[in-house]
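The block underneath contains the structure these notes are about, expressed in structure tokens.
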Amino acid sequence: MDWRLSGNALKTFARSVTCLARIGNELTLQASPSQLALHTLNSSRSAYQSIILKPSFFDTYTVTGAPVQCSVLLKAICSVLRTPLTSIDHLNVILPDPDASKVQWTLDCFNGMKKSYWITCNVEADVQQLSLDRRRLPSSFVVRPRDLNRLLSNFQSTLQEITVIATEPTTDDEVGGKAVELRSYIDPAKENDSSLHTQLWIDPCEEFVQYKHTGDPVDVTFGVKELKAFLSFCEGCEVDIHLYFEKAGEPILMAPKFVDDASVSNFDATLVLATMLVSQLHGTTTSSEPVPAAAPPKDNVSEHPSDHTRIWSDLSASATKSANRASARVHGERELNTNDHGDIQRISTMHISKDGPDGRNFTTDASNPTQTEHEHVDEARDRRAEINDHGVVSQHHLSNWVDDDDDDDNDEGDDSEPYVQATPPYCE
């Protein structure tokens, strides 16, 4: 096996290695006369990426005899490409024979320097083959890398999994055409979780290049780290991202969407991610219902100029506390409304303070036969207005009136005059 790269092809190869290194630790090379395939699989076997390079991608490409396959550490290849690409004239990779224990990587720089690296390889590599046909996946959408990057920027950088919910497009004005929802996934098994929960309702006509889904709503939950790695790769190659999926528990497939026919392209890439078995649609409100698109408060609506994407966020730890406070507040208001009538009715039977001719206050006993209820109706009405307008229960209760006989510290000149004990206003 002997091949050589330079120019833009070398930059694309470097991006491919960087993307593969963010997925797995070991790189498997399969070289045949028709193509060079690069494969990697993460340690948990939940992410698989494959990049196919055709002979036209290389300056020179030679494979003699039977196909060659070996595996090397991606960390070692990244150390080779640590040299700035602008100073490299070309890269040459040689495997002398199929049973060789090392692969030679040679960098020829513009300044005349030549760097050679011998990387140990495993000729008995565990080769993984992809058996997933993207054409059989019913749901898919194409999005530009910069648009997807902008949508993902609304989520926390520490988010590990994200949920994509797809519904059939509709012309309902209440929904506003927002048929796709991006939702942050938080493990329900975590206790005292204070992560930020974020939901985005997206109009595919505005944010996506292409969108296809029919039937009932479906959702897939997968890793964000691998998605961002493939996003950076496609953005560097200046191609759109095509996502294929079916339902929760089935893998999601990502591939670059070429403007021209993919068959004429000299490279191709595929990323397959495992998804959560449990659907997030059960027992939760999904984007198939028109309520979520209108439910977020105005303060949390995204300020996107076209207003075709809406966002809602809430801290999970404070959500429970807010719900408890709201429940307590509603319960308190109900108690206040229940007790308001009783307080108002007692106004006519309690001791009411009036202003005397000399400006002092005196009390009138309601038990006095000469005093009737209509003498206090005006002041009772004012008291009702005070309670209803301000929502504050008056503290002028009978228990707050203290006679002068109960207090030995009163002045002698005011023996016959009661006073009101100072009490701070009580607000619900």
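Chain identifiers are assigned as A, B, and so on, following the order in which chains appear in the structure tokens; residues are numbered from 1 within each chain, and ligands are numbered from 1 in order of appearance.
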
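Close contacts of stretch 233-235 of chain A, defined as residues with an atom at most 7 Å away when counting only C-alpha atoms, with chain neighbours fewer than 3 positions off set aside, comprise Arg15, Ser16, Cys19, Pro145, Ala229, Phe230, Glu238, Val239, Asp240, Ile241 and Pro256 of chain A.
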
For N, CA, C and O atoms, I'd like the residues from the last selection saved as a PDB file, in the first residue's frame.
ATOM      1  N   ARG A  15      -8.924  16.762   8.454  1.00  0.00           N
ATOM      2  CA  ARG A  15     -10.233  16.909   9.101  1.00  0.00           C
ATOM      3  C   ARG A  15     -10.855  15.550   9.399  1.00  0.00           C
ATOM      4  O   ARG A  15     -11.500  15.358  10.440  1.00  0.00           O
ATOM      5  N   SER A  16     -10.667  14.621   8.483  1.00  0.00           N
ATOM      6  CA  SER A  16     -11.216  13.276   8.687  1.00  0.00           C
ATOM      7  C   SER A  16     -10.577  12.602   9.891  1.00  0.00           C
ATOM      8  O   SER A  16     -11.272  11.985  10.710  1.00  0.00           O
ATOM      9  N   CYS A  19     -11.920  14.207  13.111  1.00  0.00           N
ATOM     10  CA  CYS A  19     -13.286  13.760  13.406  1.00  0.00           C
ATOM     11  C   CYS A  19     -13.284  12.328  13.921  1.00  0.00           C
ATOM     12  O   CYS A  19     -13.984  12.002  14.890  1.00  0.00           O
ATOM     13  N   PRO A 145     -24.519  23.296   8.091  1.00  0.00           N
ATOM     14  CA  PRO A 145     -23.737  23.219   9.340  1.00  0.00           C
ATOM     15  C   PRO A 145     -23.830  24.485  10.183  1.00  0.00           C
ATOM     16  O   PRO A 145     -23.937  24.411  11.410  1.00  0.00           O
ATOM     17  N   ALA A 229     -18.799  16.669  16.492  1.00  0.00           N
ATOM     18  CA  ALA A 229     -17.605  16.268  15.763  1.00  0.00           C
ATOM     19  C   ALA A 229     -17.894  16.155  14.267  1.00  0.00           C
ATOM     20  O   ALA A 229     -17.124  16.651  13.430  1.00  0.00           O
ATOM     21  N   PHE A 230     -19.009  15.530  13.936  1.00  0.00           N
ATOM     22  CA  PHE A 230     -19.367  15.404  12.517  1.00  0.00           C
ATOM     23  C   PHE A 230     -19.786  16.753  11.938  1.00  0.00           C
ATOM     24  O   PHE A 230     -19.578  17.022  10.749  1.00  0.00           O
ATOM     25  N   GLU A 238     -17.383  22.136   3.767  1.00  0.00           N
ATOM     26  CA  GLU A 238     -18.373  22.995   3.102  1.00  0.00           C
ATOM     27  C   GLU A 238     -19.474  22.181   2.430  1.00  0.00           C
ATOM     28  O   GLU A 238     -19.829  22.400   1.270  1.00  0.00           O
ATOM     29  N   VAL A 239     -20.009  21.222   3.190  1.00  0.00           N
ATOM     30  CA  VAL A 239     -21.136  20.415   2.701  1.00  0.00           C
ATOM     31  C   VAL A 239     -22.214  20.402   3.778  1.00  0.00           C
ATOM     32  O   VAL A 239     -21.933  20.617   4.968  1.00  0.00           O
ATOM     33  N   ASP A 240     -23.457  20.173   3.360  1.00  0.00           N
ATOM     34  CA  ASP A 240     -24.567  20.088   4.292  1.00  0.00           C
ATOM     35  C   ASP A 240     -24.590  18.716   4.963  1.00  0.00           C
ATOM     36  O   ASP A 240     -23.941  17.772   4.512  1.00  0.00           O
ATOM     37  N   ILE A 241     -25.359  18.628   6.050  1.00  0.00           N
ATOM     38  CA  ILE A 241     -25.480  17.382   6.809  1.00  0.00           C
ATOM     39  C   ILE A 241     -26.844  16.769   6.541  1.00  0.00           C
ATOM     40  O   ILE A 241     -27.869  17.446   6.634  1.00  0.00           O
ATOM     41  N   PRO A 256     -22.701  13.422   4.745  1.00  0.00           N
ATOM     42  CA  PRO A 256     -22.646  14.714   4.052  1.00  0.00           C
ATOM     43  C   PRO A 256     -23.570  14.723   2.847  1.00  0.00           C
ATOM     44  O   PRO A 256     -23.724  13.715   2.146  1.00  0.00           O
TER      45      PRO A 256
END

- Message: Taking 4 positions as the minimum chain separation for residues in the same chain, which residues sit within 12 Å of A:Thr158 when counting only C-alpha atoms? Answer as a PyMOL selection string.
- Response: chain A and resi 152-154+162+184-186+195-197+223-225

Would you save the residues from that selection as a short mmCIF file (atom, residue, chain, number, x, y, z; two decimals), in the first residue's frame, using all heavy atoms?
data_model
loop_
_atom_site.label_atom_id
_atom_site.label_comp_id
_atom_site.auth_asym_id
_atom_site.auth_seq_id
_atom_site.Cartn_x
_atom_site.Cartn_y
_atom_site.Cartn_z
N LEU A 152 -27.73 24.58 18.05
CA LEU A 152 -27.13 23.89 19.19
C LEU A 152 -26.52 24.86 20.19
O LEU A 152 -26.31 24.50 21.35
CB LEU A 152 -26.04 22.92 18.70
CG LEU A 152 -26.53 21.72 17.88
CD1 LEU A 152 -25.35 20.89 17.41
CD2 LEU A 152 -27.50 20.87 18.69
N SER A 153 -26.23 26.08 19.77
CA SER A 153 -25.66 27.06 20.69
C SER A 153 -26.65 27.47 21.78
O SER A 153 -26.25 28.07 22.78
CB SER A 153 -25.18 28.29 19.92
OG SER A 153 -26.27 28.97 19.32
N ASN A 154 -27.94 27.19 21.59
CA ASN A 154 -28.93 27.50 22.62
C ASN A 154 -28.90 26.53 23.79
O ASN A 154 -29.52 26.79 24.82
CB ASN A 154 -30.34 27.50 22.00
CG ASN A 154 -30.54 28.61 21.00
OD1 ASN A 154 -30.67 29.77 21.35
ND2 ASN A 154 -30.55 28.25 19.72
N ILE A 162 -29.15 14.71 23.25
CA ILE A 162 -30.17 15.61 22.73
C ILE A 162 -31.25 14.77 22.05
O ILE A 162 -30.96 13.70 21.48
CB ILE A 162 -29.57 16.63 21.74
CG1 ILE A 162 -30.57 17.74 21.43
CG2 ILE A 162 -29.08 15.95 20.48
CD1 ILE A 162 -29.98 18.88 20.64
N SER A 184 -33.31 19.07 25.12
CA SER A 184 -32.19 18.54 25.89
C SER A 184 -32.67 17.36 26.72
O SER A 184 -33.74 17.39 27.33
CB SER A 184 -31.60 19.62 26.80
OG SER A 184 -32.61 20.15 27.66
N TYR A 185 -31.86 16.30 26.71
CA TYR A 185 -32.21 15.10 27.47
C TYR A 185 -31.41 15.07 28.76
O TYR A 185 -30.18 15.17 28.76
CB TYR A 185 -31.92 13.84 26.65
CG TYR A 185 -32.13 12.55 27.44
CD1 TYR A 185 -33.39 12.03 27.62
CD2 TYR A 185 -31.03 11.89 28.02
CE1 TYR A 185 -33.59 10.87 28.34
CE2 TYR A 185 -31.23 10.73 28.75
CZ TYR A 185 -32.50 10.22 28.90
OH TYR A 185 -32.69 9.08 29.63
N ILE A 186 -32.12 14.95 29.88
CA ILE A 186 -31.50 14.86 31.19
C ILE A 186 -31.87 13.51 31.79
O ILE A 186 -33.04 13.13 31.81
CB ILE A 186 -31.97 16.00 32.12
CG1 ILE A 186 -31.73 17.37 31.44
CG2 ILE A 186 -31.25 15.95 33.44
CD1 ILE A 186 -30.29 17.66 31.13
N SER A 195 -29.36 20.85 35.93
CA SER A 195 -29.04 21.18 34.56
C SER A 195 -30.17 21.99 33.92
O SER A 195 -31.31 21.94 34.36
CB SER A 195 -28.77 19.91 33.74
OG SER A 195 -27.70 19.18 34.28
N LEU A 196 -29.81 22.70 32.88
CA LEU A 196 -30.78 23.54 32.20
C LEU A 196 -31.54 22.73 31.16
O LEU A 196 -30.94 22.12 30.28
CB LEU A 196 -30.06 24.72 31.53
CG LEU A 196 -30.95 25.75 30.86
CD1 LEU A 196 -31.74 26.51 31.90
CD2 LEU A 196 -30.11 26.71 30.03
N HIS A 197 -32.86 22.73 31.27
CA HIS A 197 -33.71 22.05 30.29
C HIS A 197 -34.09 23.05 29.21
O HIS A 197 -34.63 24.11 29.51
CB HIS A 197 -34.97 21.50 30.97
CG HIS A 197 -34.69 20.40 31.95
ND1 HIS A 197 -35.06 19.09 31.73
CD2 HIS A 197 -34.06 20.41 33.14
CE1 HIS A 197 -34.69 18.35 32.75
NE2 HIS A 197 -34.08 19.14 33.63
N GLY A 223 -26.09 11.08 21.25
CA GLY A 223 -25.01 11.85 21.86
C GLY A 223 -24.73 13.14 21.11
O GLY A 223 -24.73 13.18 19.87
N VAL A 224 -24.45 14.19 21.88
CA VAL A 224 -24.14 15.50 21.30
C VAL A 224 -22.67 15.58 20.88
O VAL A 224 -22.33 16.24 19.89
CB VAL A 224 -24.49 16.61 22.30
CG1 VAL A 224 -24.14 17.98 21.74
CG2 VAL A 224 -25.96 16.56 22.66
N LYS A 225 -21.80 14.93 21.62
CA LYS A 225 -20.36 15.00 21.32
C LYS A 225 -20.07 14.52 19.90
O LYS A 225 -19.35 15.18 19.14
CB LYS A 225 -19.59 14.15 22.33
CG LYS A 225 -18.11 14.03 22.03
CD LYS A 225 -17.44 13.05 22.99
CE LYS A 225 -15.98 12.80 22.59
NZ LYS A 225 -15.34 11.80 23.47
#

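Near A:Trp105, within a cut-off of 9 Å and counting only C-alpha atoms, sit the residues Ile77, Val80, Leu91, Asn92, Val93, Ile94, Lys115, Ser116, Tyr117, Trp118 and Ile119 of chain A, with same-chain residues fewer than 6 positions away left out.
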
The selected residues should be written to file as a short mmCIF file (atom, residue, chain, number, x, y, z; two decimals), in the first residue's frame (atoms: N, CA, C and O atoms).
data_model
loop_
_atom_site.label_atom_id
_atom_site.label_comp_id
_atom_site.auth_asym_id
_atom_site.auth_seq_id
_atom_site.Cartn_x
_atom_site.Cartn_y
_atom_site.Cartn_z
N ILE A 77 -1.56 9.16 14.87
CA ILE A 77 -1.72 9.87 13.59
C ILE A 77 -1.92 11.36 13.84
O ILE A 77 -1.43 12.20 13.07
N VAL A 80 1.31 13.03 14.16
CA VAL A 80 1.98 13.24 12.87
C VAL A 80 1.47 14.51 12.20
O VAL A 80 2.25 15.30 11.65
N LEU A 91 2.06 14.49 1.91
CA LEU A 91 2.13 13.39 2.87
C LEU A 91 2.17 12.09 2.10
O LEU A 91 1.37 11.86 1.19
N ASN A 92 3.08 11.21 2.50
CA ASN A 92 3.24 9.92 1.85
C ASN A 92 3.13 8.82 2.90
O ASN A 92 3.79 8.88 3.94
N VAL A 93 2.25 7.82 2.66
CA VAL A 93 2.03 6.71 3.58
C VAL A 93 2.37 5.42 2.85
O VAL A 93 1.87 5.17 1.75
N ILE A 94 3.20 4.59 3.51
CA ILE A 94 3.66 3.34 2.89
C ILE A 94 3.54 2.20 3.88
O ILE A 94 3.95 2.32 5.05
N LYS A 115 10.10 14.76 7.49
CA LYS A 115 9.81 14.10 8.76
C LYS A 115 9.23 12.73 8.47
O LYS A 115 8.27 12.59 7.71
N SER A 116 9.82 11.71 9.10
CA SER A 116 9.36 10.32 8.92
C SER A 116 8.94 9.75 10.26
O SER A 116 9.63 9.93 11.27
N TYR A 117 7.79 9.07 10.28
CA TYR A 117 7.25 8.46 11.49
C TYR A 117 6.93 7.00 11.18
O TYR A 117 6.34 6.69 10.13
N TRP A 118 7.30 6.13 12.11
CA TRP A 118 6.96 4.72 11.99
C TRP A 118 5.96 4.38 13.10
O TRP A 118 6.30 4.40 14.28
N ILE A 119 4.74 4.10 12.70
CA ILE A 119 3.66 3.83 13.65
C ILE A 119 3.34 2.36 13.66
O ILE A 119 3.11 1.74 12.60
#

- When distances are computed from only C-alpha atoms, which of A:Arg22, A:Trp3, A:Val209, A:Asn122 shows the smallest separation from A:Asp147? A:Val209

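Picture a line from atom CA of A:Cys237 to atom CA of A:Leu253; it runs 18.3 Å.
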
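Going from atom CA of A:Ile23 over to atom CA of A:Ala255, you cover 14.8 Å.
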
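Distance check against A:Ser50 using only C-alpha atoms: of A:Met254, A:Val143, A:Val164, A:Leu277, the minimum falls on A:Met254.
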